[in-house]
file my_file.tsv (TSV, C-alpha atoms)
chain	number	residue	atom	x	y	z
A	963	MET	CA	46.38	38.83	-43.23
A	964	SER	CA	49.85	40.21	-42.57
A	965	LYS	CA	51.49	37.05	-43.94
A	966	PHE	CA	49.42	37.38	-47.11
A	967	ILE	CA	50.52	40.99	-47.58
A	968	ILE	CA	54.20	40.14	-47.11
A	969	PHE	CA	53.93	37.21	-49.54
A	970	SER	CA	52.18	39.39	-52.12
A	971	PHE	CA	54.82	42.09	-51.83
A	972	LEU	CA	57.69	39.62	-52.20
A	973	SER	CA	55.98	38.15	-55.25
A	974	PHE	CA	55.65	41.66	-56.65
A	975	LEU	CA	59.37	42.33	-56.17
A	976	ASN	CA	60.27	38.96	-57.66
A	977	ILE	CA	58.27	39.68	-60.81
A	978	LEU	CA	59.58	43.23	-60.98
A	979	PHE	CA	63.28	42.45	-60.75
A	980	ALA	CA	62.96	39.35	-62.94
A	981	GLN	CA	62.10	41.64	-65.86
A	982	ASN	CA	65.64	42.98	-66.30
A	983	CYS	CA	66.98	42.37	-69.79
A	984	ASN	CA	69.66	39.71	-70.12
A	985	PHE	CA	70.24	40.33	-73.84
A	986	THR	CA	69.05	43.23	-75.99
A	987	PHE	CA	68.88	43.09	-79.79
A	988	LYS	CA	68.21	46.05	-82.06
A	989	GLY	CA	67.49	46.13	-85.77
A	990	THR	CA	64.73	46.44	-88.35
A	991	LEU	CA	61.54	44.64	-89.38
A	992	ALA	CA	59.99	45.64	-92.71
A	993	GLY	CA	62.07	48.83	-92.64
A	994	ASN	CA	60.92	49.83	-89.13
A	995	SER	CA	63.23	49.84	-86.11
A	996	ILE	CA	62.62	47.19	-83.46
A	997	THR	CA	64.19	46.40	-80.07
A	998	ILE	CA	63.93	42.94	-78.47
A	999	CYS	CA	64.80	42.30	-74.80
A	1000	PHE	CA	65.35	38.70	-73.62
A	1001	TYR	CA	64.72	37.95	-69.94
A	1002	PRO	CA	67.15	35.64	-68.10
A	1003	ASP	CA	66.32	31.98	-68.85
A	1004	LYS	CA	67.32	28.52	-67.63
A	1005	ASN	CA	69.14	27.50	-70.85
A	1006	ASN	CA	66.45	24.87	-71.49
A	1007	GLY	CA	65.37	26.14	-74.90
A	1008	TYR	CA	62.46	28.28	-73.69
A	1009	VAL	CA	62.76	32.08	-73.95
A	1010	SER	CA	60.62	35.10	-73.08
A	1011	GLY	CA	60.90	38.85	-72.90
A	1012	GLU	CA	59.51	42.09	-74.29
A	1013	LEU	CA	59.87	44.11	-77.48
A	1014	TYR	CA	58.85	47.43	-78.94
A	1015	TYR	CA	58.80	49.13	-82.30
A	1016	GLY	CA	60.35	52.55	-82.96
A	1017	ASP	CA	61.12	54.49	-79.78
A	1018	GLY	CA	58.61	52.49	-77.70
A	1019	SER	CA	56.12	55.36	-77.47
A	1020	MET	CA	53.37	53.06	-78.76
A	1021	GLY	CA	53.89	50.69	-75.84
A	1022	LYS	CA	55.70	47.42	-75.24
A	1023	MET	CA	54.75	43.93	-76.32
A	1024	SER	CA	55.63	40.56	-74.77
A	1025	PHE	CA	56.91	37.36	-76.34
A	1026	ASN	CA	57.74	33.75	-75.55
A	1027	GLY	CA	58.87	30.78	-77.57
A	1028	THR	CA	61.78	28.44	-78.21
A	1029	ALA	CA	65.43	28.76	-79.21
A	1030	LEU	CA	66.87	25.31	-79.95
A	1031	LYS	CA	70.43	24.51	-81.00
A	1032	ASN	CA	71.04	23.56	-84.61
A	1033	ASN	CA	73.94	21.86	-86.44
A	1034	GLN	CA	75.33	25.17	-87.71
A	1035	GLY	CA	76.39	26.47	-84.30
A	1036	GLY	CA	73.33	28.66	-83.84
A	1037	PHE	CA	69.76	28.46	-82.61
A	1038	ASN	CA	66.49	27.91	-84.47
A	1039	GLN	CA	64.06	30.46	-83.06
A	1040	SER	CA	60.26	30.32	-83.02
A	1041	ILE	CA	58.98	33.28	-81.00
A	1042	ASN	CA	55.35	34.27	-80.51
A	1043	GLU	CA	54.50	37.96	-80.18
A	1044	PHE	CA	51.62	39.30	-78.01
A	1045	ASN	CA	50.26	42.82	-77.63
A	1046	SER	CA	49.52	44.52	-74.29
A	1047	ASN	CA	46.10	42.84	-74.17
A	1048	GLY	CA	47.63	39.37	-74.50
A	1049	ILE	CA	46.43	38.89	-78.09
A	1050	HIS	CA	48.68	36.83	-80.34
A	1051	THR	CA	49.85	39.20	-83.10
A	1052	GLY	CA	52.75	37.51	-84.85
A	1053	ILE	CA	55.50	34.89	-85.02
A	1054	PHE	CA	59.25	35.32	-85.50
A	1055	LYS	CA	60.84	32.36	-87.30
A	1056	GLY	CA	64.55	32.52	-87.91
A	1057	ILE	CA	68.07	31.81	-86.72
A	1058	LEU	CA	70.24	33.33	-83.99
A	1059	LYS	CA	73.96	33.00	-84.68
A	1060	ASN	CA	77.04	35.06	-83.75
A	1061	GLY	CA	74.93	37.75	-82.08
A	1062	VAL	CA	72.62	38.21	-85.08
A	1063	MET	CA	68.89	37.42	-85.29
A	1064	GLN	CA	67.45	37.15	-88.78
A	1065	GLY	CA	64.47	35.48	-90.40
A	1066	THR	CA	60.85	36.16	-91.26
A	1067	TRP	CA	58.04	37.65	-89.17
A	1068	TYR	CA	54.56	36.24	-89.88
A	1069	SER	CA	51.24	37.69	-88.81
A	1070	ALA	CA	49.16	35.45	-86.53
A	1071	ASP	CA	46.94	34.45	-89.47
A	1072	TYR	CA	49.98	33.94	-91.77
A	1073	LYS	CA	48.54	36.42	-94.30
A	1074	ARG	CA	51.47	38.86	-93.99
A	1075	ASN	CA	55.22	38.29	-93.66
A	1076	TYR	CA	58.26	40.55	-93.51
A	1077	PRO	CA	62.01	39.97	-93.10
A	1078	TYR	CA	63.79	41.04	-89.92
A	1079	TYR	CA	67.44	41.55	-89.00
A	1080	LEU	CA	68.69	42.40	-85.49
A	1081	SER	CA	72.10	42.40	-83.84
A	1082	LEU	CA	73.14	42.13	-80.20
A	1083	SER	CA	73.56	45.59	-78.69
A	1084	ASN	CA	73.74	44.94	-74.95
A	1085	THR	CA	74.25	42.14	-72.43
A	1086	ASN	CA	73.68	42.10	-68.70
A	1087	ASN	CA	75.55	39.34	-66.87
A	1088	ASN	CA	75.97	41.18	-63.58
A	1089	SER	CA	74.10	38.50	-61.71
A	1090	ASN	CA	76.56	35.80	-62.84
A	1091	ASN	CA	79.58	37.95	-61.99
A	1092	GLN	CA	78.23	38.64	-58.52
A	1093	ASN	CA	77.65	34.95	-57.89
A	1094	ASN	CA	81.25	34.09	-58.85
A	1095	SER	CA	82.99	36.97	-57.05
A	1096	LYS	CA	84.06	36.94	-53.42
A	1097	ASP	CA	82.79	40.45	-52.70
A	1098	ASN	CA	81.10	40.63	-49.30
A	1099	ASN	CA	78.72	43.47	-50.12
A	1100	SER	CA	75.61	43.56	-47.97
A	1101	SER	CA	72.22	42.48	-49.31
A	1102	PHE	CA	71.02	46.06	-48.97
A	1103	SER	CA	73.82	47.34	-51.20
A	1104	LYS	CA	73.04	44.76	-53.88
A	1105	LEU	CA	69.36	45.66	-53.76
A	1106	LYS	CA	70.23	49.36	-53.98
A	1107	ASP	CA	72.52	48.80	-56.99
A	1108	SER	CA	69.82	46.77	-58.72
A	1109	PHE	CA	67.31	49.53	-58.08
A	1110	LEU	CA	69.59	52.26	-59.43
A	1111	ASN	CA	70.05	50.29	-62.66
A	1112	LEU	CA	66.32	50.20	-63.33
A	1113	ASN	CA	64.67	52.53	-65.82
A	1114	SER	CA	62.31	55.26	-64.67
A	1115	GLU	CA	59.18	53.27	-65.53
A	1116	THR	CA	60.26	50.30	-63.42
A	1117	LYS	CA	61.30	52.58	-60.54
A	1118	ASN	CA	57.81	54.06	-60.54
A	1119	LYS	CA	56.43	50.54	-60.17
A	1120	VAL	CA	58.65	50.03	-57.12
A	1121	TYR	CA	57.44	53.28	-55.58
A	1122	VAL	CA	53.82	52.28	-56.08
A	1123	GLY	CA	54.41	48.81	-54.62
A	1124	VAL	CA	56.18	50.15	-51.53
A	1125	GLY	CA	53.43	52.74	-51.04
A	1126	ILE	CA	50.72	50.09	-51.19
A	1127	LEU	CA	52.62	47.89	-48.72
A	1128	GLY	CA	53.01	50.79	-46.28
A	1129	PHE	CA	49.31	51.63	-46.51
A	1130	LEU	CA	48.28	48.02	-45.84
A	1131	ILE	CA	50.63	47.78	-42.85
A	1132	LEU	CA	49.08	50.97	-41.45
A	1133	LEU	CA	45.59	49.48	-41.82
A	1134	ILE	CA	46.67	46.34	-39.95
A	1135	GLY	CA	48.12	48.44	-37.12
A	1136	LEU	CA	44.94	50.50	-36.79
A	1137	ARG	CA	42.82	47.37	-36.83
A	1138	LYS	CA	44.79	45.82	-33.99
A	1139	LEU	CA	44.74	49.09	-32.04
A	1140	PHE	CA	40.97	49.52	-32.10
A	1141	LYS	CA	40.04	45.87	-31.94
A	1142	LYS	CA	37.99	45.19	-28.80
A	1143	LYS	CA	38.40	41.94	-26.99
A	1144	LYS	CA	35.43	40.64	-25.05
A	1145	THR	CA	36.68	38.61	-22.10
A	1146	VAL	CA	34.91	37.01	-19.17
A	1147	THR	CA	36.93	36.28	-16.04
A	1148	PHE	CA	35.80	33.84	-13.34
A	1149	GLN	CA	37.37	34.32	-9.96
A	1150	GLU	CA	37.28	30.63	-9.26
A	1151	PRO	CA	36.84	27.61	-11.51
A	1152	ILE	CA	33.41	26.05	-11.94
A	1153	PRO	CA	33.43	22.50	-10.54
A	1154	LEU	CA	31.70	20.91	-13.50
A	1155	GLN	CA	32.45	17.47	-12.16
A	1156	ASN	CA	30.01	17.96	-9.26
A	1157	THR	CA	26.78	17.44	-11.15
A	1158	ASN	CA	24.97	14.98	-8.94
A	1159	ASN	CA	22.81	16.96	-6.48
A	1160	GLU	CA	25.65	19.37	-5.63
A	1161	HIS	CA	25.69	23.10	-4.84
A	1162	ILE	CA	27.75	25.07	-7.36
A	1163	ASN	CA	29.14	28.48	-6.40
A	1164	ILE	CA	29.89	30.77	-9.31
A	1165	LYS	CA	31.66	34.04	-8.69
A	1166	PHE	CA	31.34	36.65	-11.45
A	1167	GLU	CA	32.38	40.31	-11.08
A	1168	ASN	CA	32.68	40.00	-7.26
A	1169	GLU	CA	29.15	38.60	-6.88
A	1170	THR	CA	28.24	35.13	-5.73
A	1171	LEU	CA	25.38	33.30	-7.35
A	1172	LYS	CA	24.17	30.23	-5.51
A	1173	THR	CA	22.05	27.79	-7.37
A	1174	ASN	CA	20.78	24.47	-6.13
A	1175	ILE	CA	20.96	22.06	-8.98
A	1176	ILE	CA	18.99	18.92	-8.23
A	1177	LYS	CA	19.00	16.89	-11.30
A	1178	GLU	CA	20.43	13.81	-12.78
A	1179	MET	CA	22.70	14.15	-15.68
A	1180	PRO	CA	21.14	12.47	-18.72
A	1181	LYS	CA	23.03	9.67	-20.25
A	1182	VAL	CA	23.90	10.29	-23.84
A	1183	GLN	CA	24.62	7.33	-26.04
A	1184	VAL	CA	26.68	8.00	-29.09
A	1185	ASP	CA	26.92	5.36	-31.76
A	1186	ILE	CA	30.42	5.43	-33.15
A	1187	PRO	CA	30.58	3.71	-36.53
A	1188	LYS	CA	33.09	0.96	-36.95
A	1189	ASN	CA	36.18	1.74	-38.88
A	1190	GLN	CA	35.50	1.13	-42.53
A	1191	PRO	CA	38.23	0.28	-44.98
A	1192	GLU	CA	39.39	3.32	-46.84
A	1193	THR	CA	38.42	3.42	-50.48
A	1194	PRO	CA	41.45	4.23	-52.59
A	1195	ILE	CA	41.07	7.38	-54.61
A	1196	ASN	CA	42.81	7.51	-57.95
A	1197	ILE	CA	44.18	10.98	-58.42
A	1198	LYS	CA	45.64	11.71	-61.81
A	1199	THR	CA	48.60	14.00	-61.49
A	1200	GLU	CA	50.62	15.51	-64.27
A	1201	PRO	CA	54.34	14.78	-64.32
A	1202	LYS	CA	56.74	17.40	-63.05
A	1203	ASP	CA	57.55	20.16	-65.55
A	1204	PHE	CA	54.46	19.23	-67.61
A	1205	GLN	CA	54.15	21.50	-70.67
A	1206	THR	CA	52.12	21.49	-73.90
A	1207	PHE	CA	53.48	22.48	-77.31
A	1208	TYR	CA	52.55	22.11	-80.96
A	1209	SER	CA	54.56	21.23	-84.06
A	1210	GLN	CA	54.36	20.84	-87.81
A	1211	ILE	CA	56.21	18.26	-89.94
A	1212	PRO	CA	59.29	16.83	-88.18
A	1213	GLU	CA	62.52	17.15	-90.13
A	1214	ASN	CA	64.86	14.15	-89.96
A	1215	GLY	CA	62.95	12.86	-86.95
A	1216	ILE	CA	63.21	16.15	-85.01
A	1217	PHE	CA	60.24	18.28	-83.89
A	1218	GLU	CA	60.43	22.08	-83.71
A	1219	LEU	CA	58.21	23.08	-80.77
A	1220	GLU	CA	55.78	26.01	-80.85
A	1221	LEU	CA	53.57	27.44	-78.12
A	1222	VAL	CA	50.62	28.30	-80.37
A	1223	ASN	CA	48.25	25.94	-82.20
A	1224	ASN	CA	48.03	27.61	-85.61
A	1225	PHE	CA	46.80	26.60	-89.10
A	1226	ASP	CA	49.96	24.61	-89.95
A	1227	THR	CA	49.93	22.56	-86.74
A	1228	LEU	CA	49.85	18.77	-87.17
A	1229	TYR	CA	50.81	17.40	-83.75
A	1230	LYS	CA	50.16	18.17	-80.11
A	1231	ILE	CA	53.23	17.56	-77.96
A	1232	THR	CA	53.38	17.03	-74.19
A	1233	THR	CA	56.77	17.28	-72.48
A	1234	TYR	CA	57.84	16.47	-68.93
A	1235	GLY	CA	61.48	17.04	-68.22
A	1236	ASN	CA	63.62	15.59	-71.00
A	1237	GLU	CA	60.90	13.24	-72.26
A	1238	GLY	CA	57.58	13.69	-74.02
A	1239	GLU	CA	54.86	12.25	-76.21
A	1240	TYR	CA	52.88	13.44	-79.21
A	1241	GLU	CA	49.64	12.79	-81.12
A	1242	PHE	CA	48.06	13.79	-84.44
A	1243	ILE	CA	45.39	16.55	-84.15
A	1244	ALA	CA	45.03	17.99	-87.69
A	1245	ASN	CA	41.75	16.33	-88.74
A	1246	ASN	CA	40.66	19.68	-90.17
A	1247	ARG	CA	43.29	19.41	-92.94
A	1248	LEU	CA	42.73	15.88	-94.20
A	1249	ASP	CA	42.39	17.01	-97.83
A	1250	ILE	CA	45.92	18.44	-97.78
A	1251	ILE	CA	47.35	15.54	-95.77
A	1252	ALA	CA	45.87	12.91	-98.12
A	1253	SER	CA	47.74	14.49	-101.04
A	1254	ASN	CA	51.14	13.57	-99.55
A	1255	LEU	CA	51.01	10.95	-96.79
A	1256	SER	CA	54.75	10.29	-96.97
A	1257	LEU	CA	55.44	13.92	-95.98
A	1258	TYR	CA	52.67	14.63	-93.49
A	1259	ILE	CA	52.14	11.22	-91.87
A	1260	ASP	CA	54.97	8.76	-92.52
A	1261	THR	CA	57.58	11.08	-90.96
A	1262	ALA	CA	56.04	10.67	-87.50
A	1263	CYS	CA	53.39	7.91	-87.61
A	1264	ASN	CA	53.02	4.18	-88.29
A	1265	TYR	CA	49.84	2.48	-89.50
A	1266	THR	CA	48.86	-1.04	-90.57
A	1267	HIS	CA	46.27	-0.39	-93.26
A	1268	PHE	CA	45.34	2.63	-95.35
A	1269	ASN	CA	41.66	3.36	-95.94
A	1270	PRO	CA	41.27	5.51	-99.10
A	1271	SER	CA	37.82	6.67	-98.00
A	1272	PHE	CA	38.90	7.75	-94.52
A	1273	PHE	CA	37.24	10.78	-92.90
A	1274	LYS	CA	39.47	11.11	-89.84
A	1275	ILE	CA	42.71	9.87	-88.29
A	1276	GLU	CA	42.66	8.38	-84.79
A	1277	THR	CA	45.72	8.06	-82.58
A	1278	LYS	CA	45.89	4.56	-81.14
A	1279	GLN	CA	49.21	5.02	-79.35
A	1280	LYS	CA	51.05	8.27	-78.75
A	1281	GLY	CA	54.58	8.64	-80.06
A	1282	LYS	CA	57.61	9.03	-77.77
A	1283	ILE	CA	60.20	11.83	-77.98
A	1284	GLN	CA	63.32	12.77	-76.00
A	1285	LEU	CA	65.38	15.94	-75.63
A	1286	VAL	CA	68.88	15.18	-76.96
A	1287	GLU	CA	71.44	17.99	-77.24
A	1288	GLY	CA	68.70	20.59	-77.25
A	1289	LYS	CA	66.58	18.84	-79.90
A	1290	TRP	CA	63.36	16.85	-79.50
A	1291	LYS	CA	64.02	13.59	-81.35
A	1292	ILE	CA	61.46	10.88	-82.10
A	1293	LEU	CA	62.19	7.66	-80.20
A	1294	GLU	CA	59.03	5.78	-81.15
A	1295	LYS	CA	56.55	6.79	-83.84
A	1296	SER	CA	52.87	7.27	-83.06
A	1297	LYS	CA	50.44	4.53	-84.12
A	1298	ILE	CA	47.38	5.77	-86.02
A	1299	GLU	CA	44.33	4.37	-87.82
A	1300	PHE	CA	42.49	5.76	-90.86
A	1301	VAL	CA	38.77	5.69	-90.02
call {"tool": "encode", "arguments": {"input": "my_file.tsv", "output": "structure tokens"}}
result
Amino acid sequence: MSKFIIFSFLSFLNILFAQNCNFTFKGTLAGNSITICFYPDKNNGYVSGELYYGDGSMGKMSFNGTALKNNQGGFNQSINEFNSNGIHTGIFKGILKNGVMQGTWYSADYKRNYPYYLSLSNTNNNSNNQNNSKDNNSSFSKLKDSFLNLNSETKNKVYVGVGILGFLILLIGLRKLFKKKKTVTFQEPIPLQNTNNEHINIKFENETLKTNIIKEMPKVQVDIPKNQPETPINIKTEPKDFQTFYSQIPENGIFELELVNNFDTLYKITTYGNEGEYEFIANNRLDIIASNLSLYIDTACNYTHFNPSFFKIETKQKGKIQLVEGKWKILEKSKIEFV
């Protein structure tokens, strides 16, 4: 129980301190002010953080998505916005370059869109500077400095977490204090080996009980099954760093990954490390796809025969992709069949 409490508290602190902003952008969206805070990332193209409109009095929202390098020295961003209830509310599609984010915000159903423009207003690289410096500050001092840099809302979370931990530790102490242990002490061992017409003396609480046991111990036969060959069990495991994304039409053999399967989605993409595979999933849009196969299909798929009266597209072999210089490039096209 105590180990579980300590683990939970450490997880709480890890989540709490991981929410410090690494980069903060401020600007406007449809004429309204907006602030976007990016959490520290692993420079692998995946980003997350929080944002709020106006002064933040209406509450904060979360986001996650991708920021992939482009040929113009910037990043192509596709960021999904979620409200406090975890509902997908919008998508930011644009470019980050020279400290400026600009593009178009779309509602989750793509019925509304507005332009946005934000510029970098603050960076927080204290963690990198501390790692590179030779300062021998104690761990307590570093924790204290990190705490003092938190906003009032986050500090309140720390207070609540510490209070809960203290209360649980108190409960554990009281439980151990009042826990009763039932013990039985024999003053001398019981000679269990003397079971053939022997007298057994048992001393319990300074009293001697003498019992004449005249019996024969029954023989118990236990049938132990022979060792059987172990049947191999096939366990399907996902590769390390397994993740699922979605994408629309690849441009010049390059997919732009998205976390949400929306109306424009054509392909489901599975990545593991720097490699991945994809398959066609847009059988609900065949009327649009049939109008321009060279755009919607030929850019990512190969097929032997075309059936003009097809009613669905089946993936016979998934396509192969690889992460090269921050971009997911097609190595081998998917093989499909018109059914």
call {"tool": "residues_near_point", "arguments": {"input": "my_file.tsv", "point": "(61.2, 9.7, -83.4)", "cutoff": "10 Å", "atoms": "only C-alpha atoms", "output": "PyMOL selection string"}}
result
chain A and resi 1212+1214-1217+1239+1261-1263+1281-1284+1290-1296
call {"tool": "residues_around", "arguments": {"input": "my_file.tsv", "residues": "Asn1075 of chain A", "least_positions_apart": "3", "cutoff": "9 Å", "atoms": "all atoms listed in the file", "output": "list in words"}}
result
Ala992, Thr1066, Trp1067, Tyr1068, Ser1069 and Tyr1072 of chain A
call {"tool": "residues_around", "arguments": {"input": "my_file.tsv", "residues": "Ile1041 of chain A", "least_positions_apart": "2", "cutoff": "9 Å", "atoms": "all atoms listed in the file", "output": "list in words"}}
result
Val1009, Ser1010, Phe1025, Asn1026, Gly1027, Thr1028, Ala1029, Gln1039, Glu1043, Gly1052, Ile1053, Phe1054, Lys1055, Gly1056, Glu1220 and Leu1221 of chain A
call {"tool": "residues_around", "arguments": {"input": "my_file.tsv", "residues": "Leu1285 of chain A", "least_positions_apart": "6", "cutoff": "9 Å", "atoms": "only C-alpha atoms", "output": "PyMOL selection string"}}
result
chain A and resi 1235-1238+1291
call {"tool": "atom_distance", "arguments": {"input": "my_file.tsv", "atom1": "atom CA of Thr997 of chain A", "atom2": "atom CA of Lys1289 of chain A"}}
result
27.7 Å
call {"tool": "atom_distance", "arguments": {"input": "my_file.tsv", "atom1": "atom CA of Lys1274 of chain A", "atom2": "atom CA of Ile1211 of chain A"}}
result
18.2 Å
call {"tool": "atom_distance", "arguments": {"input": "my_file.tsv", "atom1": "atom CA of Asn1086 of chain A", "atom2": "atom CA of Asn984 of chain A"}}
result
4.9 Å
call {"tool": "residues_around", "arguments": {"input": "my_file.tsv", "residues": "Ile998 of chain A", "least_positions_apart": "3", "cutoff": "7 Å", "atoms": "all atoms listed in the file", "output": "list in words"}}
result
Thr986, Phe987, Lys988, Glu1012, Leu1013 and Tyr1014 of chain A
call {"tool": "closest_residue", "arguments": {"input": "my_file.tsv", "among": "A:Ser1046, A:Asn1254, A:Thr1277, A:Gln1034", "to": "Glu1299 of chain A", "atoms": "only C-alpha atoms"}}
result
A:Thr1277
call {"tool": "closest_residue", "arguments": {"input": "my_file.tsv", "among": "A:Phe1129, A:Lys1119, A:Asn1005, A:Asn1045", "to": "Met1020 of chain A", "atoms": "all atoms listed in the file"}}
result
A:Asn1045
